[in-house]
>>> print(open('input_25.txt').read())   # compact mmCIF, C-alpha atoms and all ligand atoms
# COMPACT_ATOMS: atom_id res chain seq x y z
CA ARG A 42 39.07 -37.69 23.61
CA ALA A 43 37.96 -36.81 20.09
CA LYS A 44 37.17 -40.46 19.53
CA GLU A 45 35.05 -40.59 22.63
CA ARG A 46 33.08 -37.55 21.47
CA GLY A 47 32.46 -39.02 18.05
CA LYS A 48 30.93 -42.10 19.60
CA ASN A 49 28.38 -40.30 21.66
CA ASN A 50 26.87 -37.11 20.34
CA TYR A 51 24.40 -36.89 23.17
CA ASN A 52 27.26 -36.58 25.65
CA VAL A 53 28.84 -33.87 23.58
CA PHE A 54 25.71 -31.82 24.01
CA HIS A 55 25.69 -32.27 27.77
CA SER A 56 29.35 -31.66 28.37
CA GLY A 57 30.36 -28.93 25.98
CA MET A 58 27.54 -27.10 24.31
CA ASN A 59 24.73 -24.89 25.40
CA MET A 60 21.30 -25.29 23.91
CA GLN A 61 21.73 -22.55 21.30
CA THR A 62 24.99 -24.00 20.02
CA TYR A 63 23.47 -27.45 19.88
CA ARG A 64 20.46 -26.14 17.95
CA SER A 65 22.63 -24.33 15.39
CA PHE A 66 24.82 -27.39 15.02
CA SER A 67 21.83 -29.65 14.51
CA LEU A 68 20.10 -27.28 12.08
CA GLN A 69 23.21 -26.76 10.01
CA ASN A 70 23.66 -30.49 9.78
CA ASP A 71 20.04 -31.15 8.80
CA LEU A 72 19.99 -28.36 6.20
CA ARG A 73 21.94 -30.61 3.85
CA ARG A 74 19.04 -32.99 3.49
CA ALA A 75 16.14 -30.57 3.85
CA ILE A 76 15.58 -30.19 0.10
CA GLU A 77 15.47 -33.89 -0.72
CA ARG A 78 13.24 -34.47 2.31
CA GLU A 79 10.91 -31.74 1.04
CA GLU A 80 10.96 -29.83 4.29
CA PHE A 81 10.98 -26.37 2.68
CA GLU A 82 7.95 -24.52 1.47
CA LEU A 83 7.31 -21.07 0.11
CA HIS A 84 4.78 -18.65 1.49
CA TYR A 85 3.77 -15.55 -0.43
CA GLN A 86 3.10 -12.10 0.98
CA PRO A 87 0.85 -9.91 -1.19
CA ARG A 88 1.90 -6.40 -2.08
CA VAL A 89 -0.80 -3.88 -2.60
CA ASN A 90 -1.00 -0.88 -4.92
CA ILE A 91 -1.59 2.04 -2.59
CA GLU A 92 -3.90 3.84 -5.05
CA THR A 93 -6.15 1.00 -6.16
CA GLY A 94 -5.85 -1.53 -3.34
CA LYS A 95 -5.17 -4.27 -5.86
CA VAL A 96 -2.64 -7.02 -5.26
CA GLU A 97 -0.11 -6.54 -8.03
CA SER A 98 2.80 -8.64 -6.86
CA ALA A 99 3.91 -10.88 -3.98
CA GLU A 100 7.14 -11.77 -2.20
CA ALA A 101 8.16 -15.41 -1.86
CA LEU A 102 9.43 -16.19 1.66
CA ILE A 103 10.94 -19.56 2.52
CA ARG A 104 9.74 -21.67 5.45
CA TRP A 105 11.45 -24.72 6.96
CA ASN A 106 9.37 -27.37 8.68
CA HIS A 107 11.98 -29.22 10.67
CA PRO A 108 10.91 -32.72 11.77
CA SER A 109 11.92 -32.18 15.40
CA TRP A 110 12.44 -28.43 15.89
CA GLY A 111 9.22 -27.46 14.12
CA LEU A 112 8.98 -24.28 12.10
CA VAL A 113 12.42 -22.66 11.91
CA PRO A 114 12.36 -18.98 10.83
CA PRO A 115 14.50 -17.92 7.84
CA LEU A 116 16.31 -15.34 9.96
CA GLU A 117 17.75 -18.32 11.83
CA PHE A 118 18.56 -20.84 9.09
CA ILE A 119 19.43 -18.58 6.12
CA PRO A 120 22.59 -17.30 7.91
CA LEU A 121 23.56 -20.92 8.68
CA ALA A 122 23.04 -21.85 5.03
CA GLU A 123 25.13 -18.85 4.02
CA GLU A 124 27.97 -20.03 6.27
CA THR A 125 28.11 -23.47 4.68
CA GLY A 126 27.44 -22.39 1.11
CA GLN A 127 24.23 -24.42 1.18
CA ILE A 128 22.35 -21.22 0.31
CA VAL A 129 23.28 -21.71 -3.36
CA GLU A 130 21.33 -24.95 -3.60
CA ILE A 131 18.46 -23.55 -1.52
CA GLY A 132 18.39 -20.45 -3.72
CA ASP A 133 18.12 -22.60 -6.86
CA TRP A 134 15.27 -24.52 -5.25
CA VAL A 135 13.44 -21.25 -4.48
CA VAL A 136 13.73 -20.00 -8.08
CA LYS A 137 12.58 -23.38 -9.42
CA THR A 138 9.65 -23.59 -7.01
CA VAL A 139 8.47 -20.04 -7.78
CA CYS A 140 8.62 -20.72 -11.53
CA GLU A 141 6.71 -23.99 -11.16
CA GLN A 142 4.10 -22.14 -9.12
CA ILE A 143 3.73 -19.38 -11.71
CA ASN A 144 3.37 -22.06 -14.38
CA THR A 145 0.71 -23.91 -12.37
CA TRP A 146 -1.29 -20.71 -11.95
CA LYS A 147 -0.98 -20.07 -15.66
CA GLN A 148 -2.32 -23.56 -16.46
CA GLU A 149 -5.24 -22.88 -14.13
CA GLY A 150 -5.99 -19.58 -15.86
CA ILE A 151 -5.23 -17.48 -12.81
CA PRO A 152 -4.31 -13.86 -13.61
CA PRO A 153 -0.52 -13.53 -13.31
CA ILE A 154 1.29 -11.30 -10.84
CA ARG A 155 5.00 -10.67 -10.45
CA ILE A 156 6.75 -12.70 -7.74
CA ALA A 157 9.74 -11.28 -5.86
CA ILE A 158 12.52 -13.65 -4.78
CA ASN A 159 15.15 -12.92 -2.12
CA PHE A 160 18.79 -13.56 -2.99
CA SER A 161 21.85 -13.81 -0.75
CA SER A 162 25.18 -12.38 -1.82
CA GLN A 163 26.81 -15.85 -2.11
CA GLN A 164 24.43 -16.69 -4.93
CA PHE A 165 26.08 -13.95 -6.95
CA LEU A 166 29.40 -15.77 -6.73
CA GLN A 167 27.99 -18.29 -9.21
CA LYS A 168 29.34 -17.12 -12.54
CA ASP A 169 26.44 -18.68 -14.44
CA LEU A 170 23.62 -17.42 -12.18
CA ALA A 171 21.86 -15.53 -14.98
CA ASP A 172 22.05 -18.54 -17.34
CA MET A 173 20.75 -20.82 -14.60
CA ILE A 174 17.76 -18.53 -14.01
CA GLN A 175 17.12 -18.25 -17.72
CA ARG A 176 17.04 -22.04 -18.06
CA ILE A 177 14.55 -22.38 -15.20
CA LEU A 178 12.34 -19.67 -16.68
CA GLU A 179 12.37 -21.33 -20.09
CA SER A 180 11.70 -24.84 -18.89
CA ASN A 181 8.67 -23.57 -16.95
CA ASP A 182 7.54 -21.23 -19.72
CA VAL A 183 7.65 -18.23 -17.36
CA HIS A 184 7.93 -14.69 -18.75
CA PRO A 185 10.97 -12.93 -17.14
CA GLU A 186 8.85 -9.89 -16.31
CA LEU A 187 6.94 -12.02 -13.82
CA ILE A 188 10.11 -12.34 -11.73
CA GLU A 189 11.66 -9.76 -9.44
CA ILE A 190 14.95 -10.23 -7.64
CA GLU A 191 15.42 -8.69 -4.19
CA ILE A 192 18.99 -8.05 -3.15
CA THR A 193 20.38 -6.14 -0.21
CA GLU A 194 23.15 -3.60 -0.43
CA SER A 195 25.54 -6.27 0.88
CA VAL A 196 25.34 -8.08 -2.49
CA VAL A 197 26.90 -5.05 -4.12
CA VAL A 198 29.42 -4.46 -1.38
CA GLU A 199 30.61 -8.05 -1.08
CA ASN A 200 31.35 -8.83 -4.71
CA GLU A 201 30.90 -5.78 -6.82
CA GLU A 202 32.33 -6.97 -10.12
CA ASN A 203 30.45 -10.22 -10.43
CA SER A 204 27.17 -8.93 -9.06
CA THR A 205 27.17 -5.91 -11.37
CA LYS A 206 27.63 -8.13 -14.41
CA THR A 207 25.02 -10.66 -13.33
CA LEU A 208 22.46 -8.00 -12.41
CA GLN A 209 22.92 -6.38 -15.80
CA GLN A 210 22.32 -9.73 -17.52
CA LEU A 211 19.20 -10.36 -15.45
CA SER A 212 17.91 -6.87 -16.13
CA ASP A 213 18.54 -7.27 -19.86
CA MET A 214 16.42 -10.41 -19.74
CA GLY A 215 13.52 -8.30 -18.40
CA ILE A 216 13.75 -9.30 -14.74
CA CYS A 217 13.08 -6.51 -12.18
CA ILE A 218 15.75 -5.77 -9.59
CA SER A 219 14.90 -4.28 -6.20
CA ILE A 220 16.98 -3.21 -3.22
CA ASP A 221 15.61 -4.81 -0.04
CA ASP A 222 15.91 -3.28 3.44
CA PHE A 223 16.89 -0.02 1.76
CA GLY A 224 18.47 2.47 4.14
CA THR A 225 19.96 -0.06 6.56
CA GLY A 226 23.09 -1.03 4.60
CA TYR A 227 26.58 0.36 4.76
CA SER A 228 27.19 1.07 1.11
CA SER A 229 27.36 4.45 -0.54
CA LEU A 230 24.55 5.49 -2.84
CA HIS A 231 26.96 5.49 -5.75
CA TYR A 232 25.92 1.98 -6.83
CA LEU A 233 22.38 3.16 -7.53
CA SER A 234 23.59 5.03 -10.59
CA ARG A 235 25.62 2.09 -11.89
CA LEU A 236 23.22 -0.78 -11.35
CA PRO A 237 19.98 -1.54 -13.19
CA VAL A 238 17.79 -1.05 -10.10
CA ASN A 239 14.01 -0.78 -10.65
CA THR A 240 12.70 -0.53 -7.10
CA LEU A 241 13.69 0.58 -3.60
CA LYS A 242 12.06 -1.24 -0.68
CA ILE A 243 11.99 0.99 2.37
CA ASP A 244 13.06 -1.11 5.35
CA LYS A 245 10.39 -1.93 7.90
CA SER A 246 12.39 -0.38 10.73
CA PHE A 247 11.61 3.07 9.27
CA ILE A 248 7.93 2.25 8.77
CA GLN A 249 7.56 1.08 12.35
CA LYS A 250 8.80 4.44 13.63
CA ILE A 251 6.31 6.54 11.66
CA SER A 252 4.16 7.09 14.75
CA SER A 253 7.07 8.09 16.95
CA ASP A 254 7.43 11.71 18.03
CA LYS A 255 10.78 12.12 16.38
CA LYS A 256 10.49 13.81 13.02
CA GLN A 257 13.68 12.22 11.66
CA HIS A 258 12.17 8.83 10.84
CA LYS A 259 9.47 10.37 8.69
CA LEU A 260 12.02 12.62 7.00
CA ILE A 261 14.09 9.59 6.06
CA ILE A 262 11.07 7.99 4.40
CA THR A 263 10.27 11.22 2.58
CA SER A 264 13.86 11.36 1.35
CA ILE A 265 13.89 7.76 0.15
CA VAL A 266 10.68 8.33 -1.79
CA SER A 267 12.04 11.45 -3.46
CA LEU A 268 15.36 9.73 -4.18
CA ALA A 269 13.46 6.92 -5.91
CA LYS A 270 11.38 9.40 -7.92
CA ALA A 271 14.45 11.38 -8.94
CA LEU A 272 16.16 8.20 -10.15
CA ASN A 273 13.00 7.02 -11.90
CA MET A 274 12.59 4.01 -9.62
CA HIS A 275 9.56 2.50 -7.93
CA VAL A 276 9.21 2.51 -4.18
CA ILE A 277 7.65 -0.06 -1.87
CA ALA A 278 7.20 0.09 1.89
CA GLU A 279 7.53 -3.17 3.84
CA GLY A 280 6.25 -3.95 7.31
CA VAL A 281 3.13 -1.76 7.11
CA GLU A 282 1.04 -2.65 10.16
CA THR A 283 -1.26 0.30 10.87
CA GLU A 284 -3.64 2.61 9.04
CA ASN A 285 -1.69 5.53 10.40
CA GLN A 286 1.42 4.24 8.62
CA LEU A 287 -0.60 3.65 5.47
CA ASP A 288 -1.98 7.21 5.49
CA PHE A 289 1.48 8.69 5.91
CA LEU A 290 2.85 6.56 3.06
CA ARG A 291 -0.04 7.51 0.80
CA ASN A 292 0.67 11.19 1.41
CA GLN A 293 4.29 10.55 0.51
CA GLU A 294 3.16 9.02 -2.78
CA CYS A 295 4.73 5.70 -1.98
CA GLU A 296 3.39 3.36 -4.68
CA GLU A 297 3.14 -0.08 -3.14
CA VAL A 298 2.79 -1.43 0.39
CA GLN A 299 3.38 -4.80 2.02
CA GLY A 300 2.73 -5.79 5.61
CA TYR A 301 0.55 -7.42 8.25
CA LEU A 302 -2.09 -4.67 7.81
CA PHE A 303 -3.07 -6.44 4.58
CA SER A 304 -1.77 -9.95 4.96
CA LYS A 305 0.94 -12.09 6.50
CA PRO A 306 2.89 -14.34 4.15
CA ILE A 307 0.33 -17.01 3.13
CA VAL A 308 0.29 -20.46 1.52
CA PRO A 309 -0.07 -20.57 -2.30
CA ASN A 310 -3.73 -21.66 -2.16
CA MET A 311 -4.69 -18.61 -0.17
CA LEU A 312 -2.89 -16.26 -2.55
CA GLU A 313 -4.62 -18.08 -5.40
CA GLU A 314 -8.01 -17.28 -3.87
CA ILE A 315 -7.09 -13.61 -3.78
CA LEU A 316 -5.90 -13.67 -7.39
CA VAL A 317 -8.93 -15.55 -8.72
CA GLN A 318 -11.22 -12.72 -7.67
CA GLY A 319 -9.74 -10.36 -10.23
CA ASP A 320 -11.41 -7.32 -8.68
CA TYR A 321 -10.31 -8.22 -5.18
CA LYS A 322 -9.80 -5.10 -3.11
CA ILE A 323 -8.51 -5.16 0.40
CA ASP A 324 -11.27 -3.82 2.68
CA ILE A 325 -9.31 -1.00 4.13
CA PHE A 326 -9.18 0.79 0.77
CA LYS A 327 -12.92 0.70 0.25
CA ASN A 328 -13.51 3.53 2.72
CA ASN A 329 -10.27 5.41 2.43
CA ASN A 330 -9.58 5.73 -1.22
CA PRO A 331 -11.78 8.05 -3.23
CA LYS A 332 -10.51 6.49 -6.46
CA SER A 333 -11.84 3.02 -5.74
CA PRO A 334 -15.41 2.22 -6.76
P1 LIG B 401 12.89 -9.65 4.00
O1 LIG B 401 13.18 -10.07 2.61
O2 LIG B 401 13.16 -8.25 4.36
O3 LIG B 401 11.35 -10.03 4.21
C1 LIG B 401 10.47 -9.31 5.01
C2 LIG B 401 10.27 -9.98 6.35
O4 LIG B 401 9.37 -9.18 7.13
C3 LIG B 401 9.61 -11.36 6.28
O5 LIG B 401 10.10 -12.12 7.37
C4 LIG B 401 8.13 -11.02 6.49
O6 LIG B 401 7.38 -12.12 6.96
C5 LIG B 401 8.26 -9.94 7.52
N1 LIG B 401 7.09 -9.05 7.54
C6 LIG B 401 6.23 -8.78 6.54
N2 LIG B 401 5.30 -7.89 6.92
C7 LIG B 401 5.57 -7.57 8.19
C8 LIG B 401 4.95 -6.68 9.14
O7 LIG B 401 3.96 -5.99 8.88
N3 LIG B 401 5.55 -6.60 10.36
C9 LIG B 401 6.65 -7.33 10.69
N4 LIG B 401 7.15 -7.21 11.93
N5 LIG B 401 7.25 -8.19 9.83
C10 LIG B 401 6.72 -8.29 8.59
P2 LIG B 401 10.53 -13.64 7.20
O8 LIG B 401 9.59 -14.34 6.28
O9 LIG B 401 10.76 -14.18 8.55
O10 LIG B 401 11.93 -13.52 6.44
C11 LIG B 401 13.02 -12.90 7.04
C12 LIG B 401 14.16 -12.69 6.08
O11 LIG B 401 14.69 -13.94 5.65
C13 LIG B 401 13.77 -11.97 4.80
O12 LIG B 401 13.68 -10.58 5.03
C14 LIG B 401 14.92 -12.36 3.90
O13 LIG B 401 16.04 -11.56 4.15
C15 LIG B 401 15.22 -13.78 4.37
N6 LIG B 401 14.59 -14.73 3.44
C16 LIG B 401 13.32 -15.21 3.41
N7 LIG B 401 13.14 -16.06 2.38
C17 LIG B 401 14.33 -16.13 1.73
C18 LIG B 401 14.81 -16.84 0.57
O14 LIG B 401 14.07 -17.57 -0.11
N8 LIG B 401 16.13 -16.66 0.23
C19 LIG B 401 16.96 -15.83 0.94
N9 LIG B 401 18.23 -15.72 0.54
N10 LIG B 401 16.55 -15.14 2.02
C20 LIG B 401 15.26 -15.28 2.41
MG MG B 402 12.74 -9.35 0.81
MG MG B 403 13.20 -6.46 3.77
MG MG B 404 16.22 -8.84 4.75
>>> encode(input="input_25.txt", output="C-alpha cells", more="lines below")
Ligand code: C2E
Ligand code: MG
Ligand code: MG
Ligand code: MG
Amino acid sequence: RAKERGKNNYNVFHSGMNMQTYRSFSLQNDLRRAIEREEFELHYQPRVNIETGKVESAEALIRWNHPSWGLVPPLEFIPLAEETGQIVEIGDWVVKTVCEQINTWKQEGIPPIRIAINFSSQQFLQKDLADMIQRILESNDVHPELIEIEITESVVVENEENSTKTLQQLSDMGICISIDDFGTGYSSLHYLSRLPVNTLKIDKSFIQKISSDKKQHKLIITSIVSLAKALNMHVIAEGVETENQLDFLRNQECEEVQGYLFSKPIVPNMLEEILVQGDYKIDIFKNNNPKSP
C-alpha cells in the first residue's frame, strides 16, 4: 500500500487527508526550496516616537509568495519551518536581507533607522549565532546599533543556558534586545534581571482591549510601562489601531508605538519614501501633539 501511495500523490490527498493537512504538507515540502526560488520578501512596519511622531525604527516581517497558494502568512509557515528546523536557514536569510537593505539605504544616503528582526527559539540552538550575525554585519558594513533582535519569552524558557550566553554576546556587540509579545508568555519575570534586555513590547492583545469596560486590561498596560521604567528599559506598544488607544498610551508615557493606525508593514520602497523626507511626521500627531511644530 505504501508503494501505491508513493506513486500517486494526488490520490493520497483524496483518500486520506483533509484540505488543511494537505496544505500544511505541501507548504512544509515547498519551504525547502523557497529561499533559492526567491519566494520570500521582507516588509517593514514603521514604529513611531509617541512624542515627536517621527519614525525611528521599523520591524522586518517576512512574507512568502507561494507560486500556487499565493501569499502565505508567517503565522502559518513559521511554525512549519520551526518543526522541520528550516527556520535556521530562513532566519539567516532574514538577517542577511535586512543588512543588505540597510547597506543599500546607506549607499543611497538615506537617514538610517534601527531595524528589528524576529527570532525563533531554535535559532538560539546554534552555538555560533552571535558570530554568524557579526560576520553578516561586517560584510555589509552595518553598525550593530542599527539592529534589534526581538525574542519571545519562549526563547528563554526553551534553552536558557545557550540563549543567555548568546544574548549577552549580541548585547556586548551593541545590538538591542527586545521581548516581543510581552505579557503573554509563561515564564517568570526573573529572567528580566539576568538578561541584557533593552525593550519590552506590550503585546497587541492588551492594546486591543484598551477600549473595553474592564479596567484590568488598562491596569496591565500601566504595570508593564512602570515595570519597564523601573528596570530602565524602553517600552513599545504593538497593534495600535485607534486614536483612543494612542491617547491612552501617551498618558501612560509609553515611548514608541507600532500599528495599523500609522502604517501596515510596507515594501522597502515605501519605507524609503518615508525616511527620505527627514522631517516626515505622521498626520495624526500634527493636531494632537503640542510639542510638534
Ligand atoms: P510579531 O513579531 O508579534 O509581529 C506583529 C504582527 O502584528 C505582524 O503580523 C504585524 O503585521 C501585525 N500587526 C502590526 N500592526 C497591527 C495592528 O495594528 N493590528 C493587528 N491586528 N495586527 C498588527 P505578521 O506580519 O503576520 O507576523 C506574525 C508573526 O510572525 C510575528 O509576530 C512573528 O512572531 C512572526 N514572524 C514574522 N516575521 C518573522 C521572521 O522573519 N522570523 C520569525 N522567526 N518570525 C517572524
Ligand atoms: Mg515582532
Ligand atoms: Mg508581537
Ligand atoms: Mg509573535
>>> residues_around(input="input_25.txt", residues="Leu170 in chain A", least_positions_apart="3", cutoff="10 Å", atoms="only C-alpha atoms", output="list in words")
Val129, Asp133, Gln164, Phe165, Leu166, Gln167, Met173, Ile174, Gln175, Arg176, Ser204, Thr207, Leu208, Gln210 and Leu211 of chain A
>>> residues_near_ligand(input="input_25.txt", ligand="ligand MG 403 (chain B)", cutoff="6 Å", atoms="all atoms listed in the file", output="JSON, numbers by chain")
{"A": [221, 222, 244]}
>>> write_last_selection(input="input_25.txt", atoms="C-alpha atoms", output="CSV table (one decimal), keeping the file's coordinate frame")
chain,number,residue,atom,x,y,z
A,221,ASP,CA,15.6,-4.8,0.0
A,222,ASP,CA,15.9,-3.3,3.4
A,244,ASP,CA,13.1,-1.1,5.4
>>> closest_residue(input="input_25.txt", among="A:Thr225, A:Asn90, A:Asn59, A:Ser180", to="ligand MG 404 (chain B)", atoms="only C-alpha atoms and all ligand atoms")
A:Thr225
>>> residues_near_point(input="input_25.txt", point="(-0.3, 3.0, 7.2)", cutoff="10 Å", atoms="all atoms listed in the file", output="short mmCIF file (atom, residue, chain, number, x, y, z; two decimals) with C-alpha atoms, keeping the file's coordinate frame")
data_model
loop_
_atom_site.label_atom_id
_atom_site.label_comp_id
_atom_site.auth_asym_id
_atom_site.auth_seq_id
_atom_site.Cartn_x
_atom_site.Cartn_y
_atom_site.Cartn_z
CA ILE A 91 -1.59 2.04 -2.59
CA ILE A 248 7.93 2.25 8.77
CA GLN A 249 7.56 1.08 12.35
CA ILE A 251 6.31 6.54 11.66
CA SER A 252 4.16 7.09 14.75
CA ALA A 278 7.20 0.09 1.89
CA GLY A 280 6.25 -3.95 7.31
CA VAL A 281 3.13 -1.76 7.11
CA GLU A 282 1.04 -2.65 10.16
CA THR A 283 -1.26 0.30 10.87
CA GLU A 284 -3.64 2.61 9.04
CA ASN A 285 -1.69 5.53 10.40
CA GLN A 286 1.42 4.24 8.62
CA LEU A 287 -0.60 3.65 5.47
CA ASP A 288 -1.98 7.21 5.49
CA PHE A 289 1.48 8.69 5.91
CA LEU A 290 2.85 6.56 3.06
CA ARG A 291 -0.04 7.51 0.80
CA VAL A 298 2.79 -1.43 0.39
CA GLY A 300 2.73 -5.79 5.61
CA LEU A 302 -2.09 -4.67 7.81
#
>>> residues_near_ligand(input="input_25.txt", ligand="ligand MG 402 (chain B)", cutoff="7 Å", atoms="all atoms listed in the file", output="PDB file with C-alpha atoms, keeping the file's coordinate frame")
ATOM      1  CA  GLU A 100       7.140 -11.770  -2.200  1.00  0.00           C
ATOM      2  CA  ASN A 159      15.150 -12.920  -2.120  1.00  0.00           C
ATOM      3  CA  GLU A 191      15.420  -8.690  -4.190  1.00  0.00           C
ATOM      4  CA  ASP A 221      15.610  -4.810  -0.040  1.00  0.00           C
TER       5      ASP A 221
END
>>> atom_distance(input="input_25.txt", atom1="CA of Ser264 in chain A", atom2="CA of Asn203 in chain A")
29.7 Å
>>> closest_atom_pairs(input="input_25.txt", of="chain A", to="ligand MG 404 (chain B)", cutoff="12 Å", atoms="all atoms listed in the file", output="CSV")
residue,atom,partner,partner_atom,distance
A:Glu100,CA,B:MG404,MG,11.8
A:Leu102,CA,B:MG404,MG,10.5
A:Pro115,CA,B:MG404,MG,9.7
A:Leu116,CA,B:MG404,MG,8.3
A:Glu117,CA,B:MG404,MG,11.9
A:Ile119,CA,B:MG404,MG,10.3
A:Pro120,CA,B:MG404,MG,11.1
A:Ile158,CA,B:MG404,MG,11.3
A:Asn159,CA,B:MG404,MG,8.1
A:Phe160,CA,B:MG404,MG,9.4
A:Ser161,CA,B:MG404,MG,9.3
A:Ser162,CA,B:MG404,MG,11.7
A:Glu191,CA,B:MG404,MG,9.0
A:Ile192,CA,B:MG404,MG,8.4
A:Thr193,CA,B:MG404,MG,7.0
A:Glu194,CA,B:MG404,MG,10.1
A:Ser195,CA,B:MG404,MG,10.4
A:Val196,CA,B:MG404,MG,11.7
A:Ser219,CA,B:MG404,MG,11.9
A:Ile220,CA,B:MG404,MG,9.8
A:Asp221,CA,B:MG404,MG,6.3
A:Asp222,CA,B:MG404,MG,5.7
A:Phe223,CA,B:MG404,MG,9.3
A:Gly224,CA,B:MG404,MG,11.5
A:Thr225,CA,B:MG404,MG,9.7
A:Gly226,CA,B:MG404,MG,10.4
A:Lys242,CA,B:MG404,MG,10.2
A:Ile243,CA,B:MG404,MG,11.0
A:Asp244,CA,B:MG404,MG,8.4
A:Lys245,CA,B:MG404,MG,9.6
A:Ser246,CA,B:MG404,MG,11.0
A:Glu279,CA,B:MG404,MG,10.4
A:Gly280,CA,B:MG404,MG,11.4
>>> write_last_selection(input="input_25.txt", atoms="C-alpha atoms", output="PDB file, keeping the file's coordinate frame")
ATOM      1  CA  GLU A 100       7.140 -11.770  -2.200  1.00  0.00           C
ATOM      2  CA  LEU A 102       9.430 -16.190   1.660  1.00  0.00           C
ATOM      3  CA  PRO A 115      14.500 -17.920   7.840  1.00  0.00           C
ATOM      4  CA  LEU A 116      16.310 -15.340   9.960  1.00  0.00           C
ATOM      5  CA  GLU A 117      17.750 -18.320  11.830  1.00  0.00           C
ATOM      6  CA  ILE A 119      19.430 -18.580   6.120  1.00  0.00           C
ATOM      7  CA  PRO A 120      22.590 -17.300   7.910  1.00  0.00           C
ATOM      8  CA  ILE A 158      12.520 -13.650  -4.780  1.00  0.00           C
ATOM      9  CA  ASN A 159      15.150 -12.920  -2.120  1.00  0.00           C
ATOM     10  CA  PHE A 160      18.790 -13.560  -2.990  1.00  0.00           C
ATOM     11  CA  SER A 161      21.850 -13.810  -0.750  1.00  0.00           C
ATOM     12  CA  SER A 162      25.180 -12.380  -1.820  1.00  0.00           C
ATOM     13  CA  GLU A 191      15.420  -8.690  -4.190  1.00  0.00           C
ATOM     14  CA  ILE A 192      18.990  -8.050  -3.150  1.00  0.00           C
ATOM     15  CA  THR A 193      20.380  -6.140  -0.210  1.00  0.00           C
ATOM     16  CA  GLU A 194      23.150  -3.600  -0.430  1.00  0.00           C
ATOM     17  CA  SER A 195      25.540  -6.270   0.880  1.00  0.00           C
ATOM     18  CA  VAL A 196      25.340  -8.080  -2.490  1.00  0.00           C
ATOM     19  CA  SER A 219      14.900  -4.280  -6.200  1.00  0.00           C
ATOM     20  CA  ILE A 220      16.980  -3.210  -3.220  1.00  0.00           C
ATOM     21  CA  ASP A 221      15.610  -4.810  -0.040  1.00  0.00           C
ATOM     22  CA  ASP A 222      15.910  -3.280   3.440  1.00  0.00           C
ATOM     23  CA  PHE A 223      16.890  -0.020   1.760  1.00  0.00           C
ATOM     24  CA  GLY A 224      18.470   2.470   4.140  1.00  0.00           C
ATOM     25  CA  THR A 225      19.960  -0.060   6.560  1.00  0.00           C
ATOM     26  CA  GLY A 226      23.090  -1.030   4.600  1.00  0.00           C
ATOM     27  CA  LYS A 242      12.060  -1.240  -0.680  1.00  0.00           C
ATOM     28  CA  ILE A 243      11.990   0.990   2.370  1.00  0.00           C
ATOM     29  CA  ASP A 244      13.060  -1.110   5.350  1.00  0.00           C
ATOM     30  CA  LYS A 245      10.390  -1.930   7.900  1.00  0.00           C
ATOM     31  CA  SER A 246      12.390  -0.380  10.730  1.00  0.00           C
ATOM     32  CA  GLU A 279       7.530  -3.170   3.840  1.00  0.00           C
ATOM     33  CA  GLY A 280       6.250  -3.950   7.310  1.00  0.00           C
TER      34      GLY A 280
END
>>> atom_distance(input="input_25.txt", atom1="CA of Arg88 in chain A", atom2="CA of His275 in chain A")
13.1 Å
>>> closest_residue(input="input_25.txt", among="A:Asn144, A:Gln127, A:Thr62, A:Ser67", to="ligand LIG 401 (chain B)", atoms="all atoms listed in the file")
A:Gln127
>>> atom_distance(input="input_25.txt", atom1="CA of Pro152 in chain A", atom2="CA of Ile307 in chain A")
17.7 Å
>>> closest_residue(input="input_25.txt", among="A:Val183, A:Leu83, A:Ile188, A:Ile177", to="Trp146 in chain A", atoms="all atoms listed in the file")
A:Val183
>>> axis_aligned_box(input="input_25.txt", around="range 269-274 of chain A", padding_each_side="8 Å", output="JSON")
{"center_x": 13.8, "center_y": 7.7, "center_z": -8.9, "size_x": 20.8, "size_y": 23.4, "size_z": 22.0}
>>> residues_near_point(input="input_25.txt", point="(20.3, -25.8, 9.0)", cutoff="10 Å", atoms="all atoms listed in the file", output="PDB file with C-alpha atoms, in the coordinates of the input")
ATOM      1  CA  ARG A  64      20.460 -26.140  17.950  1.00  0.00           C
ATOM      2  CA  SER A  65      22.630 -24.330  15.390  1.00  0.00           C
ATOM      3  CA  PHE A  66      24.820 -27.390  15.020  1.00  0.00           C
ATOM      4  CA  SER A  67      21.830 -29.650  14.510  1.00  0.00           C
ATOM      5  CA  LEU A  68      20.100 -27.280  12.080  1.00  0.00           C
ATOM      6  CA  GLN A  69      23.210 -26.760  10.010  1.00  0.00           C
ATOM      7  CA  ASN A  70      23.660 -30.490   9.780  1.00  0.00           C
ATOM      8  CA  ASP A  71      20.040 -31.150   8.800  1.00  0.00           C
ATOM      9  CA  LEU A  72      19.990 -28.360   6.200  1.00  0.00           C
ATOM     10  CA  ARG A  73      21.940 -30.610   3.850  1.00  0.00           C
ATOM     11  CA  ARG A  74      19.040 -32.990   3.490  1.00  0.00           C
ATOM     12  CA  ALA A  75      16.140 -30.570   3.850  1.00  0.00           C
ATOM     13  CA  TRP A 105      11.450 -24.720   6.960  1.00  0.00           C
ATOM     14  CA  HIS A 107      11.980 -29.220  10.670  1.00  0.00           C
ATOM     15  CA  VAL A 113      12.420 -22.660  11.910  1.00  0.00           C
ATOM     16  CA  PRO A 115      14.500 -17.920   7.840  1.00  0.00           C
ATOM     17  CA  GLU A 117      17.750 -18.320  11.830  1.00  0.00           C
ATOM     18  CA  PHE A 118      18.560 -20.840   9.090  1.00  0.00           C
ATOM     19  CA  ILE A 119      19.430 -18.580   6.120  1.00  0.00           C
ATOM     20  CA  PRO A 120      22.590 -17.300   7.910  1.00  0.00           C
ATOM     21  CA  LEU A 121      23.560 -20.920   8.680  1.00  0.00           C
ATOM     22  CA  ALA A 122      23.040 -21.850   5.030  1.00  0.00           C
ATOM     23  CA  GLU A 123      25.130 -18.850   4.020  1.00  0.00           C
ATOM     24  CA  GLU A 124      27.970 -20.030   6.270  1.00  0.00           C
ATOM     25  CA  THR A 125      28.110 -23.470   4.680  1.00  0.00           C
ATOM     26  CA  GLN A 127      24.230 -24.420   1.180  1.00  0.00           C
TER      27      GLN A 127
END
